[in-house]
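Working notes for the structure below.
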Amino acid sequence: MRVIAGEIQKQMADASWIRKMFEKGLELKREVGADNVCDFSLGNPDMPPPPRARGALSELAARVCEPLEMGYCPNAGLPVFREKLAGFLAAQQQAPVRAGHVVVTCGAAGALTSFFRAVLEPGDEVMCPAPYFVEYGAYCGHFGGVLRPVPALPPDFQPDLDAIEAAVTDRTRVILINSPNNPTGCVYARETLKRLAELLERVNASRQRPLFLLSDEPYRFLAYDGAEVPPVLDVSPYALVLGSFSKSLSLAGERVGYIAASPAMPDADLLINAVAMTSRTLGFVNAPVLGQRLAMALLGEGVDVAVYDGRRRAMAEVLRAAGIEFAMPRGAFYFFPKAPGDDDRGFVQKLLAHNILAVPGTGFGYPGHFRLAFCVDKRVIERSAPGFKAAARERL
């Protein structure tokens with residue numbers, strides 16, 4: 001007797017390599033002690049929220065017992081938060097975003113899932129550069145969508161625009177990009193966005209159902225060495241942007257994100273209303289009210305990027321000393337080095353023998369590399385140096 005759906009059974013069998021390594025890390029920490037494990041498996045921001053969070057929470061606590069203060073709110077988010085968030089995004093995206101273009105969601109994942117439910121029909125394709133965030137396939141697959149990865153160009157992992165255009169079919173509904181990128185740390189150039197917008201214009205000229213450009217941007221705030229993260233909403237009428245406050249404010253557990261449509265999009269109001277409805281009918285109902293109020297109070301603030309930059313430089317030194325090949329990330333908090341011997345799973349196992357946790361690139365649709373999340377204390381990075389050297393010296 002089969003208890004669960006076949007597709008979910010398959011997803012469980014192919015469970016996220018990130019979670020597998022995270023769980024392996026918990027086991028290893030029990031065995032050898034947490035201080036003896038260098039865990040680079042999970043992108044869980046360890047920095048505290050901005051100092052203003054303490055005062056904001058105190059103010060919220062003083063109001064929490066007022067009638068309906070913690071009750072249901074509109075599915076698209078608290079009206080006052082949507083207004084302020086629209087103003088914030090208008091400046092960031094260089095587009096006249098207003099509240100009616102924005103839905104507050106249960107994290108970036110809730111934004112993706114609700115959007116896919118609103119626009120996908122069975123057999124529609126979602127195209128993205130590979131490597132890619134591991135759960136994109138599940139998010140669109142729940143509604144009959146099919147993920148179509150297109151390998152990015154090494155060594156810096158910019159999207160292969162010619163290959164993307166060649167792969168577009170009548171069923172391609174969404175081109176999904178993620179910049180700064182998880183897992184590579186790549187930041188997409190303005191010219192890349194311009195060419196993708198030109199592709200949309202050519203394709204949509206003969207379409208009844210448009211091809212969308214959807215930009216997943218939870219790491220927008222994390223760019224280094226003067227790298228520009230160009231706006232997306234101003235490049236095409238069919239562009240959308242989504243993000244969250246999980247990393248920028250270290251509020252990952254509050255599950256507050258958003259999605260915004262280009263103000264130039266035909267039927268933008270219809271699409272936004274559809275996303276608000278699917279957010280409700282998928283069971284999210286509304287983003288946590290406490291999280292919304294806290295994010296609103298901290299809007300425009302952020303954690304100290306210089307701390308992440310210091311960790312980035314420390315991680316680069318460790319990898320260089322071990323003779324491991326990598327492209328310096330220009331954003332986010334990940335490295336995606338080349339695995340010695342091109343065996344990402346084998347090398348991750350070698351690292352594990354030295355109490356170092358990494359994630360094989362296979363889990364991101366790009367074998368031969370491995371991911372390191374450097375959102376950990378700098379001392380952990382420095383402590384890992386002998387283990388990386390030893391693992392790199394060993395024959396695979």
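Letters A, B, ... mark the chains of the structure tokens in the order given; residue numbers begin at 1 per chain; ligand numbers begin at 1, in order shown.
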
Show me a table, sorted first by chain and then by increasing residue number, of the residues of region 259-283 of chain A having an atom at most 8 Å from region 83-105 of chain A, each with its shortest atom pair and the distance in Å to one decimal, counting only C-alpha atoms and written as a tab-separated table.
residue	atom	partner	partner_atom	distance
A:Ile259	CA	A:Val103	CA	5.5
A:Ala260	CA	A:Val102	CA	4.4
A:Ala261	CA	A:His101	CA	5.4
A:Ser262	CA	A:Val97	CA	7.2
A:Pro263	CA	A:Val97	CA	5.9
A:Ala268	CA	A:His101	CA	6.9
A:Asp269	CA	A:Gly100	CA	6.6
A:Ile272	CA	A:His101	CA	6.3
A:Val275	CA	A:Val103	CA	7.4
A:Ala276	CA	A:Val103	CA	6.3
A:Ser279	CA	A:Thr105	CA	7.3

Those of region 116-310 of chain A in DSSP helix (DSSP H, G or I), formatted as a short mmCIF file (atom, residue, chain, number, x, y, z; two decimals) with C-alpha atoms, in the first residue's frame:
data_model
loop_
_atom_site.label_atom_id
_atom_site.label_comp_id
_atom_site.auth_asym_id
_atom_site.auth_seq_id
_atom_site.Cartn_x
_atom_site.Cartn_y
_atom_site.Cartn_z
CA PHE A 116 4.17 29.56 -9.83
CA ARG A 117 0.67 28.57 -8.72
CA ALA A 118 -0.72 31.74 -10.26
CA VAL A 119 0.90 31.40 -13.71
CA TYR A 136 13.33 25.42 -7.52
CA GLY A 137 12.30 22.16 -9.18
CA ALA A 138 9.97 21.22 -6.33
CA TYR A 139 8.43 24.69 -6.14
CA CYS A 140 7.32 24.66 -9.78
CA GLY A 141 6.81 20.88 -9.92
CA LEU A 161 22.56 33.67 -22.91
CA ASP A 162 22.89 32.00 -26.29
CA ALA A 163 22.09 28.61 -24.77
CA ILE A 164 19.15 30.07 -22.86
CA GLU A 165 17.67 31.55 -26.03
CA ALA A 166 18.20 28.30 -27.92
CA ALA A 167 16.41 26.38 -25.15
CA ARG A 190 23.57 44.83 -16.37
CA GLU A 191 24.25 43.72 -19.94
CA THR A 192 23.00 40.23 -19.04
CA LEU A 193 19.67 41.66 -17.86
CA LYS A 194 19.43 43.81 -20.97
CA ARG A 195 19.89 40.81 -23.24
CA LEU A 196 17.35 38.76 -21.29
CA ALA A 197 14.87 41.63 -21.63
CA GLU A 198 15.47 41.71 -25.38
CA LEU A 199 14.81 37.97 -25.50
CA LEU A 200 11.51 38.47 -23.67
CA GLU A 201 10.51 41.20 -26.09
CA ARG A 202 11.16 38.96 -29.11
CA VAL A 203 9.37 35.98 -27.61
CA ASN A 204 6.39 37.90 -26.26
CA ALA A 252 15.24 33.97 8.62
CA GLY A 253 12.86 32.40 11.14
CA GLU A 254 10.27 35.16 10.76
CA ALA A 268 -0.12 43.81 -13.31
CA ASP A 269 -3.01 44.30 -10.88
CA LEU A 270 -4.60 41.04 -12.06
CA LEU A 271 -1.36 39.10 -11.55
CA ILE A 272 -0.72 40.59 -8.10
CA ASN A 273 -4.28 39.81 -7.02
CA ALA A 274 -3.80 36.25 -8.27
CA VAL A 275 -0.59 35.85 -6.25
CA ALA A 276 -2.35 37.20 -3.14
CA MET A 277 -5.11 34.65 -3.67
CA THR A 278 -2.77 31.69 -4.26
CA SER A 279 -0.80 32.68 -1.18
CA ARG A 280 -4.06 32.28 0.76
CA THR A 281 -5.25 29.07 -0.90
CA VAL A 289 2.14 39.81 11.31
CA LEU A 290 4.83 40.18 13.96
CA GLY A 291 7.50 39.56 11.32
CA GLN A 292 5.89 42.11 8.99
CA ARG A 293 5.83 44.77 11.68
CA LEU A 294 9.42 44.05 12.66
CA ALA A 295 10.65 44.12 9.04
CA MET A 296 8.76 47.39 8.51
CA ALA A 297 10.45 48.95 11.54
CA VAL A 305 28.37 43.56 5.16
CA ALA A 306 32.00 44.18 6.17
CA VAL A 307 31.82 41.20 8.54
CA TYR A 308 30.78 38.91 5.68
CA ASP A 309 33.49 40.41 3.48
CA GLY A 310 36.12 39.59 6.10
#

Contacts between region 368-387 of chain A and region 277-342 of chain A, please, where a residue of region 277-342 of chain A counts if it comes within 6 Å (with only C-alpha atoms); show its shortest atom pair and distance in Å to one decimal, rows by chain and ascending number, as a Markdown table.
| residue | atom | partner | partner_atom | distance |
| --- | --- | --- | --- | --- |
| A:Arg311 | CA | A:Lys378 | CA | 5.5 |
| A:Val318 | CA | A:Ala385 | CA | 5.3 |
| A:Phe333 | CA | A:Phe374 | CA | 5.5 |
| A:Tyr334 | CA | A:Ala373 | CA | 4.6 |
| A:Phe335 | CA | A:Leu372 | CA | 5.1 |
| A:Phe336 | CA | A:Arg371 | CA | 4.6 |
| A:Pro337 | CA | A:His369 | CA | 5.5 |
| A:Lys338 | CA | A:His369 | CA | 4.3 |
| A:Ala339 | CA | A:His369 | CA | 4.8 |
| A:Asp342 | CA | A:Gly368 | CA | 4.3 |

List as a PyMOL selection string the protein and nucleic acid residues near region 240-251 of chain A, meaning an atom at most 6 Å away when only C-alpha atoms are counted, but skip any in the same chain fewer than 2 places from it. chain A and resi 45+49+107-108+214-218+253-254+256-262+302-303

Can I get the selected residues back with C-alpha atoms, as a PDB file, in the first residue's frame?
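Final file, out_8.pdb:
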ATOM      1  CA  PRO A  45      22.857  33.709   8.770  1.00  0.00           C
ATOM      2  CA  PRO A  49      19.686  41.558  13.544  1.00  0.00           C
ATOM      3  CA  GLY A 107       9.582  34.322   2.745  1.00  0.00           C
ATOM      4  CA  ALA A 108      11.054  34.219  -0.747  1.00  0.00           C
ATOM      5  CA  LEU A 214      11.628  36.497 -12.413  1.00  0.00           C
ATOM      6  CA  SER A 215      14.571  37.621 -10.284  1.00  0.00           C
ATOM      7  CA  ASP A 216      15.136  35.910  -6.918  1.00  0.00           C
ATOM      8  CA  GLU A 217      17.093  38.427  -4.801  1.00  0.00           C
ATOM      9  CA  PRO A 218      17.410  37.556  -1.108  1.00  0.00           C
ATOM     10  CA  GLY A 253      12.862  32.401  11.138  1.00  0.00           C
ATOM     11  CA  GLU A 254      10.268  35.158  10.763  1.00  0.00           C
ATOM     12  CA  VAL A 256       8.836  37.543   5.663  1.00  0.00           C
ATOM     13  CA  GLY A 257       9.393  38.080   1.950  1.00  0.00           C
ATOM     14  CA  TYR A 258       7.793  39.821  -1.003  1.00  0.00           C
ATOM     15  CA  ILE A 259       7.186  39.754  -4.726  1.00  0.00           C
ATOM     16  CA  ALA A 260       6.780  42.859  -6.890  1.00  0.00           C
ATOM     17  CA  ALA A 261       5.719  43.220 -10.523  1.00  0.00           C
ATOM     18  CA  SER A 262       6.979  45.788 -12.996  1.00  0.00           C
ATOM     19  CA  GLY A 302      20.882  45.794   7.415  1.00  0.00           C
ATOM     20  CA  VAL A 303      23.564  43.657   8.960  1.00  0.00           C
TER      21      VAL A 303
END

Compare A:Arg255, A:Val146, A:Pro155, A:Pro48 by their minimum atom-to-atom distance to Ala287 (chain A), counting only C-alpha atoms, and give me the closest one.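 Of A:Arg255, A:Val146, A:Pro155, A:Pro48, the one nearest Ala287 (chain A) is A:Arg255, counting only C-alpha atoms.
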
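Atom to atom, CA of Ala358 (chain A) and CA of Glu23 (chain A) stand 11.9 Å apart.
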
Can you list every residue in region 79-321 of chain A that DSSP puts in strand (DSSP E), as a PyMOL selection string? chain A and resi 102-105+125-130+146-151+172-178+212-216+239-244+257-261

Taking only C-alpha atoms into account, which of A:Gly283, A:Pro129, A:Pro340, A:Pro122 comes nearest Asn75 (chain A)? A:Gly283

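Among the candidates A:Met21, A:Ala332, A:Tyr188, A:Val3, the residue lying nearest to Gln349 (chain A) is A:Met21 (atoms considered: only C-alpha atoms).
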
Shell of 12 Å around region 362-367 of chain A, only C-alpha atoms, local chain residues under 3 positions omitted, as JSON, numbers by chain: {"A": [14, 15, 16, 17, 18, 19, 20, 21, 41, 128, 129, 130, 131, 132, 133, 134, 135, 136, 137, 147, 148, 149, 150, 151, 152, 153, 154, 157, 181, 182, 183, 184, 336, 337, 338, 339, 340, 341, 342, 343, 344, 345, 346, 347, 348, 358, 359, 370, 371]}

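Using only C-alpha atoms, the protein and nucleic acid residues lying no more than 6 Å from Gly331 (chain A), apart from those fewer than 5 places from it along its own chain, are Pro180, Gly185, Leu222, Ala223 and Tyr224 of chain A.
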
Of the residues A:Leu352, A:Arg82, A:Leu176, A:Ala227, which is the one nearest to Phe22 (chain A), using only C-alpha atoms? A:Leu352

Expressed in Å to a single decimal, how great is the separation between CA of Leu319 (chain A) and CA of Ile177 (chain A)? 27.4 Å

With distances taken over only C-alpha atoms, which of A:Glu317, A:Glu301, A:Glu325, A:Glu121 is nearest to Pro51 (chain A)? A:Glu301
